[in-house]
Every structure is written in C-alpha cells, then in structure tokens.
Amino acid sequence: MTDFQADSILVLLDLTPSGELTKSAAGLLGAAAGVGTPVALIVGAAGAGEQAAADAAALGATHVLVAEGAEAGAQVTVPGADALAAAAELVRPDAILVPNSIEGREVAGRYAARSRSGLAVDAVAVSRDAEGVVAHHSVYGGAYNVDSAVTWGAPVITVREGAVDARAEAQPVSTEQLAVEASGRRAAAIGRVDEAVVTSSRPELRGAAKVVSGGRGLGSEAQFALVEQLADVLGAAVGASRAAVDAGYVPQSYQVGQTGVSVSPQLYIALGISGAIQHRAGMQTAKTIVAINKDGDAPIFEIADFGIVGDLFTVVPQLIAALEARKA
Amino acid sequence: MKIVVLVKEVPDTYGDRKLNLQTGLADRAASDTVLDEIGERALEVALSYADANAGTEVVVLSMSPESAAATVRKGLAMGASSAVQVVDDALAGADLGLTAEVLAAAVQRIGYDLVIAGNESTDGSGGVVPAMIAELLDVPNATSLNSVEIADGEVRGERASDHGTMQVTAALPAVISITERLPDARFPNFKGIMAAKKKPFETLSLADLGVDAETTEASRSIMISLAEKPPRTAGTKIVDEGDAGERLAEYLVQNRLA
Ligand SMILES: Cc1cc2nc3c(=O)[nH]c(=O)nc-3n(C[C@H](O)[C@H](O)[C@H](O)COP(=O)(O)OP(=O)(O)OC[C@H]3O[C@@H](n4cnc5c(N)ncnc54)[C@H](O)[C@@H]3O)c2cc1C
Ligand SMILES: Nc1ncnc2c1ncn2[C@@H]1O[C@H](COP(=O)(O)O)[C@@H](O)[C@H]1O
C-alpha cells in the first residue's frame, strides 16, 4: 500500500489506440508538478500499462496507477470514469487533472457528475492559492482571462492539450495495479476503430510552434498542397479554416477555430482565410500572425502583424523559393 | 419514439462577444443571441428521423434565461412538437454540474428514448454536459457522432475520437451528441412559424424539477477573477507589387521565425 503525499495531484493520462501515452502527457504532468506531487493514472487494455507507466515516470509521475481491463477499449467513457473514481478514492488528491481530449473530458464529466465534484474545463494553466488549486482559462477566443476554483473538495480540471509548456523532472518508476470495481453504469459499445494516419514528419497541430493554415482561397484539394509545401519549409504544422474542411480539402482534425483546435503558436500564417470571428477564436493568441489574402478588407488583416494583400498563388511560391534559397 | 433535443441560446459568434466584468456573466445585451448552430444540427437529426418515422415526438429542451424563449421557439418553428424551457433566477451563472443536474431532471420529467445534444456549445465549449447527463440518467453516452443511425432499439454511428474514428452502438434509452459533420439544419418556413404559435411550450422552475441550486452537497465551480485582454492590433500591411514573397521571407528571417 502506498502512502500518498498530502499534496498529491491525480493526473489521468490518455493512451493512443496502440497503447502509447499521448503528447498531452508531458504538459499535464508538468502542470501537476507545479502545484503538487503528480500521481498518474493509466487506463488501458490488459498488458498496456507497463511501457506507458515507465514513460509517465520519465515525464514526472512519482507514482503510476495502472487500471487494466478488457472493457477499457470496448466501452465508451464508463471504464475511464470507474477507474478515475477508484484512483481518487485511493489517492485523495488535492486536484484531478485530465486532458481536454474528447475522451478525457467526458471521463472527467462522468466522474464529476457521479462524485458531485466541481468541474472546470479547458484550463490553459493551473496554480495554487491558500484555498487550493485554481484553474486559469482563456475564453471567447482568448479575449478574456478567467480564473476558477471550486467551493470545496478536489477540483476536476481538464487541461487544454498543448497549452502547458512546463515540464516535470523525471522520477524513478513506481507502478501499482489499481483494482477497479465496475460501476455497472450502462455504456455504449465500441466496434471497429480506425486510427487516423499521422504524418510523422510534420509537427502536430496542437502545441505546434508554427502553424500554416489554408482556407477556401486555396480553391481545391490539389491546390491545398501549397499550404503543406510552405509548412514543410518552415517545419510548421498544417491547419485549415472550416470552409476548407467543409470543401473537403483536408480532414476535420485540421480545423482551427472555435469548433476546431485552439492554437497559440509563435507563428501563424493564414493563407486564403478571411478571418471570420470563429476562426480567429482559435488562433488570435498566436505570437505573430501573417496573412495573405487578395481582399484588402478581409478581417484577418485587423489582427495580422504582417499582412499581404495579394494572390497567394504568386506570393507563396515566391516565399518558398526565397526561404529555400536562404537555406541553401 | 420520443426524442429530446438539447438546445442552447448563445451570443452570436459573428459579433464580438462580451463578458460583464462586474458579474462575470455573459453580457447578453452586448451581442445578438442565436440558437446555437450545433443545437440546430442536433434538432435536424431528430426532425429527419421524425420525417421518416411517423409517431416520433421531438421535444426541444433548454435551460436559459426567460429572454431566450423566442430562440427556443425557433425550434418549434423548425418542426419540433413541443418545447420545455427551464427558467430560474437561481440558475444565473450555473456551473457545468448544476446545468447537467437540471437538464437531467428535466429530461427525466419529459420522458425520452433518446436525447440528442451538440458535442460542444459555442460559448461554453465544455463538451462535457452530454456525458454528465448520461451519467446522471444512467444511460450510455454515444458522443461526438459524425453520423447517426437510429433503428431497432439502438443508436449507432461513427464517433470522432482523438485518434481517428470508431464505430459505437448504444441501446436505447441513450444520450448522443453530434458534431458539425452532420448536415446543416432546415430553415423554419412560414407555415412552421405560424404552427409554432399553437404548439405546447412549458416553462419549468427549479422547484418544479426538485433541484436545489444552493445545495452544499455538490461542489461547484466558481469564477474568482476575470480580466479582459487588450485587443490585438494590426501591424504592417503591404500590397503585393511582385516582391511580397521575398519581403515576407525577409520579415520571417529577421524575426527568427524561419
Ligand atoms: C457555430 C460556428 C462555428 C464555426 N467554427 C469555425 C471554426 O472552428 N473554424 C473556422 O475556420 N470557421 C468556423 N466557422 C465558419 C466561419 O464563420 C467562416 O465561415 C470560415 O472560417 C470561413 O473560412 P475561409 O476564411 O476559409 O473562407 P472564406 O470566408 O470564403 O474566405 C476565403 C478567403 O480567401 C481569399 N482568397 C480567395 N482566393 C485567394 C487567392 N488566390 N489569394 C489570396 N486570397 C484568396 C478571399 O479573399 C477570402 O477572404 C464557424 C461558424 C459557425 C456559425
Ligand atoms: N443550458 C443548456 N440548455 C440546453 N442544452 C444545453 C445547455 N448547456 C449545454 N447543453 C447541451 O449540451 C451540448 C454541449 O454543451 P457544452 O458541454 O456546454 O459544450 C450543447 O450543444 C447542448 O446540446
């Protein structure tokens, strides 16, 4: 039986379908280490936990609870919530941090509803004050900073993926199997899983330092390749507007904006994007914004640090050539 | 089949959205309000099922300030059979936990085979309310669906997951939430708008639902500080005179961005 530190922070880590920790793990454990002692929880199919637990320790988990069971990959949300309930009961943490992924936030939601805990979603940072752990949020597309706390008990906080830069020190591996009593809550069954193909040569959109995004102005799926070319020259991730996604140029996972991914990169380049408020909501906290649009009145120019009124099909190839010439 | 669709009134995202710096609540006077687009799509899923399956009852449910009644009524004009609005002063600034408790209690009272919600609202963007309601009702959550098929006592669909997609199936009763991949909603026509005036519209209070907003048994999330960030300003804007690509390369290199 492990004794847990009084300032323990329970951190639920997401696994990919093939059983690896997702990229959000480092930031979550980094955030947890800033406010207490990180204890990780990994929920996966039988045998999935060992490598992931070692990886979690390397990212700062002082102790890793592993809940393995066949239902983890077979049912939606309920197995994760059951494991989180068991882990919270054991650790009695000061706060629970969960990735704000689709699966993570729903596990957090079910657990919070069950335990009647206070739930704060999409935090971009956490801190501690005299009363406990505080969640910091960036809302309405970054127009406001909001801090939230809970009236009592350990807050359940989902953390925006890629938002936390802090990293924790590696810890010796300390793993424990967690016995989970199934709640028996009715759950949806998972059938076939289709894992998205990841282009590993390119950075992931969430948390990327540079993002090049394309909009309806690209005109076609084939011409969208220009966005990818520029991204590759800059070592940037590729994003898109909803209009580009709707037109089928790229998959939905590329969408930046209010109903897509929120990014805060060092550099954001918008190509053929008008800059509708819903798009800006997902990118206006970028450090430097560059826009190329042939319409000088496009709203994207209101927030661009460097705006070019011009045809992207002439400006971008020239830019790529100039950047490549400098590299050579 | 009885379907309850959860709809929300939100500030119109085409305009600037404001938070009141004193109360921390959405400043409803500062922007136009609309029926959340994702809620309209959720309603469209229910209505297209009802079009094809006689005897389907579609109820729109919203927890919102009284002023949102006209927005909720739009759901009736689009074709829902009846509407229920939960209105109570004690709900101003309700957190996710209280919102879910109220909606679950209302769904229970209305009766349902299927609850359809949006995956994320455009103002809260929590993306958690549907799963919380499913927990409170003890029914499956088949959430973030890119497609929906309702048949034979179950609901199936493709679920957007963090790493691709998965096929999910849930026995009814169930709570589902849908993504923007589902079709745009129909527009209310004149006939619909006229018919809406005669459809049942029920307003419920917390007392009607037996929910206590002030209970200390549940921990609540509260806002402890709020600050507005200065808006971004425009920088350099040039018109391409044949060398804009080169000038941009120069800018990126100078700013150590390339
Ligand atoms: C509830 C809701 C949620 C939404 N969520 C999102 C979201 O998450 N993300 C998002 O992006 N949108 C979102 N939208 C949609 C948003 O309102 C806009 O419709 C969308 O962002 C427009 O995409 P766009 O800029 O690519 O297309 P358009 O607005 O059509 O703009 C295309 C631009 O390309 C320019 N252009 C065309 N050809 C060229 C050329 N050769 N060279 C240079 N410029 C050129 C045009 O001048 C134009 O400005 C949402 C809308 C709603 C209602
Ligand atoms: N106050 C509310 N009234 C009705 N439905 C709601 C309310 N809040 C959330 N919902 C539903 O839950 C979905 C997800 O909301 P959220 O969890 O806030 O992102 C919304 O699209 C609605 O379908």
# chains A, B, ... in the order shown; residues from 1 in each chain; ligands from 1
>>> residues_near_ligand(ligand="ligand 2", cutoff="8 Å", atoms="only C-alpha atoms and all ligand atoms", output="number ranges by chain")
B: 5-9, 36, 38-39, 42, 61-64, 96, 99-100, 103, 116-130, 177
>>> residues_around(residues="region 69-86 of chain B", least_positions_apart="3", cutoff="7 Å", atoms="only C-alpha atoms", output="list in words")
Glu9, Val34, Leu35, Leu47, Glu57, Val58, Val59, Val60, Leu61, Ser62, Met63, Ser64, Glu66, Arg186, Phe187, Pro188, Gly192, Ile193, Ala195, Ala196, Lys199, Pro200, Phe201, Glu202, Thr203, Leu204 and Ser205 of chain B
>>> select_by_dssp(residues="region 57-208 of chain B", states="strand (DSSP E)", output="compact mmCIF listing (two decimals) with C-alpha atoms, in the first residue's frame")
# COMPACT_ATOMS: atom_id res chain seq x y z
CA GLU B 57 -42.24 13.08 -30.86
CA VAL B 58 -39.49 15.71 -30.78
CA VAL B 59 -39.17 17.93 -27.70
CA VAL B 60 -36.67 20.80 -27.55
CA LEU B 61 -35.30 21.48 -24.09
CA SER B 62 -33.28 24.47 -23.00
CA MET B 63 -32.08 25.84 -19.71
CA SER B 82 -43.16 20.87 -28.13
CA ALA B 83 -40.68 22.90 -26.11
CA VAL B 84 -39.61 22.98 -22.50
CA GLN B 85 -37.61 25.83 -21.06
CA VAL B 86 -36.12 25.74 -17.58
CA LEU B 114 -33.15 9.35 -26.98
CA VAL B 115 -31.50 12.62 -26.01
CA ILE B 116 -29.62 14.48 -28.76
CA ALA B 117 -27.15 17.24 -27.87
CA GLY B 118 -24.42 19.15 -29.63
CA ASN B 141 -23.26 8.24 -23.86
CA ALA B 142 -22.60 7.78 -27.55
CA THR B 143 -20.98 11.15 -28.03
CA SER B 144 -19.23 13.15 -30.77
CA LEU B 145 -21.04 11.29 -33.54
CA GLU B 149 -28.45 5.80 -37.35
CA ILE B 150 -31.46 5.08 -35.15
CA ALA B 151 -33.06 1.63 -35.52
CA GLU B 154 -30.46 1.22 -30.60
CA VAL B 155 -28.47 4.15 -31.91
CA ARG B 156 -25.29 3.69 -33.91
CA GLY B 157 -22.78 5.93 -35.52
CA GLU B 158 -19.25 6.94 -36.25
CA ARG B 159 -17.71 8.63 -33.25
CA ALA B 160 -14.96 11.19 -33.73
CA SER B 161 -12.24 10.19 -31.31
CA GLY B 164 -9.38 8.83 -35.68
CA THR B 165 -12.85 7.37 -35.59
CA MET B 166 -14.66 4.46 -34.01
CA GLN B 167 -17.99 2.78 -34.59
CA VAL B 168 -20.18 2.88 -31.50
CA THR B 169 -23.54 1.36 -30.61
CA ALA B 170 -25.80 2.10 -27.67
CA ALA B 171 -29.05 0.53 -26.58
CA ALA B 174 -29.31 6.81 -24.59
CA VAL B 175 -27.71 10.24 -24.80
CA ILE B 176 -25.90 11.11 -28.01
CA SER B 177 -24.04 14.21 -29.06
CA ILE B 178 -23.30 15.15 -32.64
CA PHE B 201 -44.39 25.50 -24.63
CA GLU B 202 -43.79 24.64 -21.00
CA THR B 203 -41.72 26.74 -18.60
CA LEU B 204 -40.31 24.93 -15.58
>>> residues_near_ligand(ligand="ligand 1", cutoff="8 Å", atoms="only C-alpha atoms and all ligand atoms", output="count of residues only")
47
>>> closest_atom_pairs(of="chain A", to="chain B", cutoff="7 Å", atoms="only C-alpha atoms", output="JSON lines")
{"residue": "A:Thr16", "atom": "CA", "partner": "B:His163", "partner_atom": "CA", "distance": 6.7}
{"residue": "A:Ser101", "atom": "CA", "partner": "B:Asp162", "partner_atom": "CA", "distance": 6.4}
{"residue": "A:Ile102", "atom": "CA", "partner": "B:Asp162", "partner_atom": "CA", "distance": 6.1}
{"residue": "A:Arg105", "atom": "CA", "partner": "B:Val128", "partner_atom": "CA", "distance": 6.2}
{"residue": "A:Glu106", "atom": "CA", "partner": "B:Val128", "partner_atom": "CA", "distance": 5.5}
{"residue": "A:Gly109", "atom": "CA", "partner": "B:Met132", "partner_atom": "CA", "distance": 5.1}
{"residue": "A:Arg110", "atom": "CA", "partner": "B:Met132", "partner_atom": "CA", "distance": 4.9}
{"residue": "A:Ala113", "atom": "CA", "partner": "B:Met132", "partner_atom": "CA", "distance": 5.6}
{"residue": "A:Arg114", "atom": "CA", "partner": "B:Glu135", "partner_atom": "CA", "distance": 6.8}
{"residue": "A:Arg116", "atom": "CA", "partner": "B:Ala218", "partner_atom": "CA", "distance": 4.8}
{"residue": "A:Ser117", "atom": "CA", "partner": "B:Ser219", "partner_atom": "CA", "distance": 5.0}
{"residue": "A:Gly118", "atom": "CA", "partner": "B:Arg220", "partner_atom": "CA", "distance": 4.5}
{"residue": "A:Leu119", "atom": "CA", "partner": "B:Ser221", "partner_atom": "CA", "distance": 5.9}
{"residue": "A:Ala120", "atom": "CA", "partner": "B:Ser221", "partner_atom": "CA", "distance": 6.4}
{"residue": "A:Val121", "atom": "CA", "partner": "B:Gly126", "partner_atom": "CA", "distance": 6.0}
{"residue": "A:Tyr140", "atom": "CA", "partner": "B:Arg17", "partner_atom": "CA", "distance": 7.0}
{"residue": "A:Ala143", "atom": "CA", "partner": "B:Lys229", "partner_atom": "CA", "distance": 5.4}
{"residue": "A:Tyr144", "atom": "CA", "partner": "B:Glu228", "partner_atom": "CA", "distance": 4.5}
{"residue": "A:Asn145", "atom": "CA", "partner": "B:Ala227", "partner_atom": "CA", "distance": 5.2}
{"residue": "A:Val146", "atom": "CA", "partner": "B:Leu226", "partner_atom": "CA", "distance": 4.5}
{"residue": "A:Asp147", "atom": "CA", "partner": "B:Ser225", "partner_atom": "CA", "distance": 5.1}
{"residue": "A:Ser148", "atom": "CA", "partner": "B:Met223", "partner_atom": "CA", "distance": 4.3}
{"residue": "A:Ala149", "atom": "CA", "partner": "B:Ile222", "partner_atom": "CA", "distance": 5.5}
{"residue": "A:Val150", "atom": "CA", "partner": "B:Ser221", "partner_atom": "CA", "distance": 4.3}
{"residue": "A:Thr151", "atom": "CA", "partner": "B:Ser219", "partner_atom": "CA", "distance": 5.3}
{"residue": "A:Trp152", "atom": "CA", "partner": "B:Ser219", "partner_atom": "CA", "distance": 5.4}
{"residue": "A:Gly153", "atom": "CA", "partner": "B:Ser219", "partner_atom": "CA", "distance": 6.9}
{"residue": "A:Arg185", "atom": "CA", "partner": "B:Asp138", "partner_atom": "CA", "distance": 5.8}
{"residue": "A:Arg186", "atom": "CA", "partner": "B:Pro140", "partner_atom": "CA", "distance": 5.1}
{"residue": "A:Ala187", "atom": "CA", "partner": "B:Pro140", "partner_atom": "CA", "distance": 4.1}
{"residue": "A:Ala188", "atom": "CA", "partner": "B:Ala170", "partner_atom": "CA", "distance": 4.4}
{"residue": "A:Ala189", "atom": "CA", "partner": "B:Thr169", "partner_atom": "CA", "distance": 5.2}
{"residue": "A:Ile190", "atom": "CA", "partner": "B:Val168", "partner_atom": "CA", "distance": 4.6}
{"residue": "A:Gly191", "atom": "CA", "partner": "B:Gln167", "partner_atom": "CA", "distance": 4.9}
{"residue": "A:Arg192", "atom": "CA", "partner": "B:Gln167", "partner_atom": "CA", "distance": 5.3}
{"residue": "A:Val193", "atom": "CA", "partner": "B:Met166", "partner_atom": "CA", "distance": 4.2}
{"residue": "A:Asp194", "atom": "CA", "partner": "B:Thr165", "partner_atom": "CA", "distance": 5.2}
{"residue": "A:Glu195", "atom": "CA", "partner": "B:Gly164", "partner_atom": "CA", "distance": 4.6}
{"residue": "A:Ala196", "atom": "CA", "partner": "B:Gly164", "partner_atom": "CA", "distance": 4.3}
{"residue": "A:Leu234", "atom": "CA", "partner": "B:Ala258", "partner_atom": "CA", "distance": 5.9}
{"residue": "A:Gln258", "atom": "CA", "partner": "B:Thr122", "partner_atom": "CA", "distance": 6.9}
{"residue": "A:Leu267", "atom": "CA", "partner": "B:Leu257", "partner_atom": "CA", "distance": 6.9}
{"residue": "A:Ile277", "atom": "CA", "partner": "B:Tyr14", "partner_atom": "CA", "distance": 6.0}
{"residue": "A:Gln278", "atom": "CA", "partner": "B:Thr13", "partner_atom": "CA", "distance": 6.5}
{"residue": "A:Phe301", "atom": "CA", "partner": "B:Ala234", "partner_atom": "CA", "distance": 6.4}
{"residue": "A:Glu302", "atom": "CA", "partner": "B:Ala234", "partner_atom": "CA", "distance": 4.9}
{"residue": "A:Ile303", "atom": "CA", "partner": "B:Ala234", "partner_atom": "CA", "distance": 4.8}
{"residue": "A:Ala304", "atom": "CA", "partner": "B:Ala234", "partner_atom": "CA", "distance": 5.3}
{"residue": "A:Asp305", "atom": "CA", "partner": "B:Gly235", "partner_atom": "CA", "distance": 4.1}
{"residue": "A:Phe306", "atom": "CA", "partner": "B:Thr236", "partner_atom": "CA", "distance": 4.9}
{"residue": "A:Gly307", "atom": "CA", "partner": "B:Lys237", "partner_atom": "CA", "distance": 4.4}
{"residue": "A:Ile308", "atom": "CA", "partner": "B:Ile238", "partner_atom": "CA", "distance": 5.0}
{"residue": "A:Val309", "atom": "CA", "partner": "B:Val239", "partner_atom": "CA", "distance": 4.6}
{"residue": "A:Gly310", "atom": "CA", "partner": "B:Asp240", "partner_atom": "CA", "distance": 5.2}
{"residue": "A:Val315", "atom": "CA", "partner": "B:Gly245", "partner_atom": "CA", "distance": 4.7}
{"residue": "A:Val316", "atom": "CA", "partner": "B:Gly245", "partner_atom": "CA", "distance": 6.1}
{"residue": "A:Gln318", "atom": "CA", "partner": "B:Gly245", "partner_atom": "CA", "distance": 4.9}
{"residue": "A:Leu319", "atom": "CA", "partner": "B:Gly245", "partner_atom": "CA", "distance": 4.1}
{"residue": "A:Ala322", "atom": "CA", "partner": "B:Glu246", "partner_atom": "CA", "distance": 5.8}
{"residue": "A:Leu323", "atom": "CA", "partner": "B:Ala249", "partner_atom": "CA", "distance": 6.0}
>>> select_by_dssp(residues="region 133-173 of chain B", states="alpha helix (DSSP H)", output="PyMOL selection string")
chain B and resi 133-137
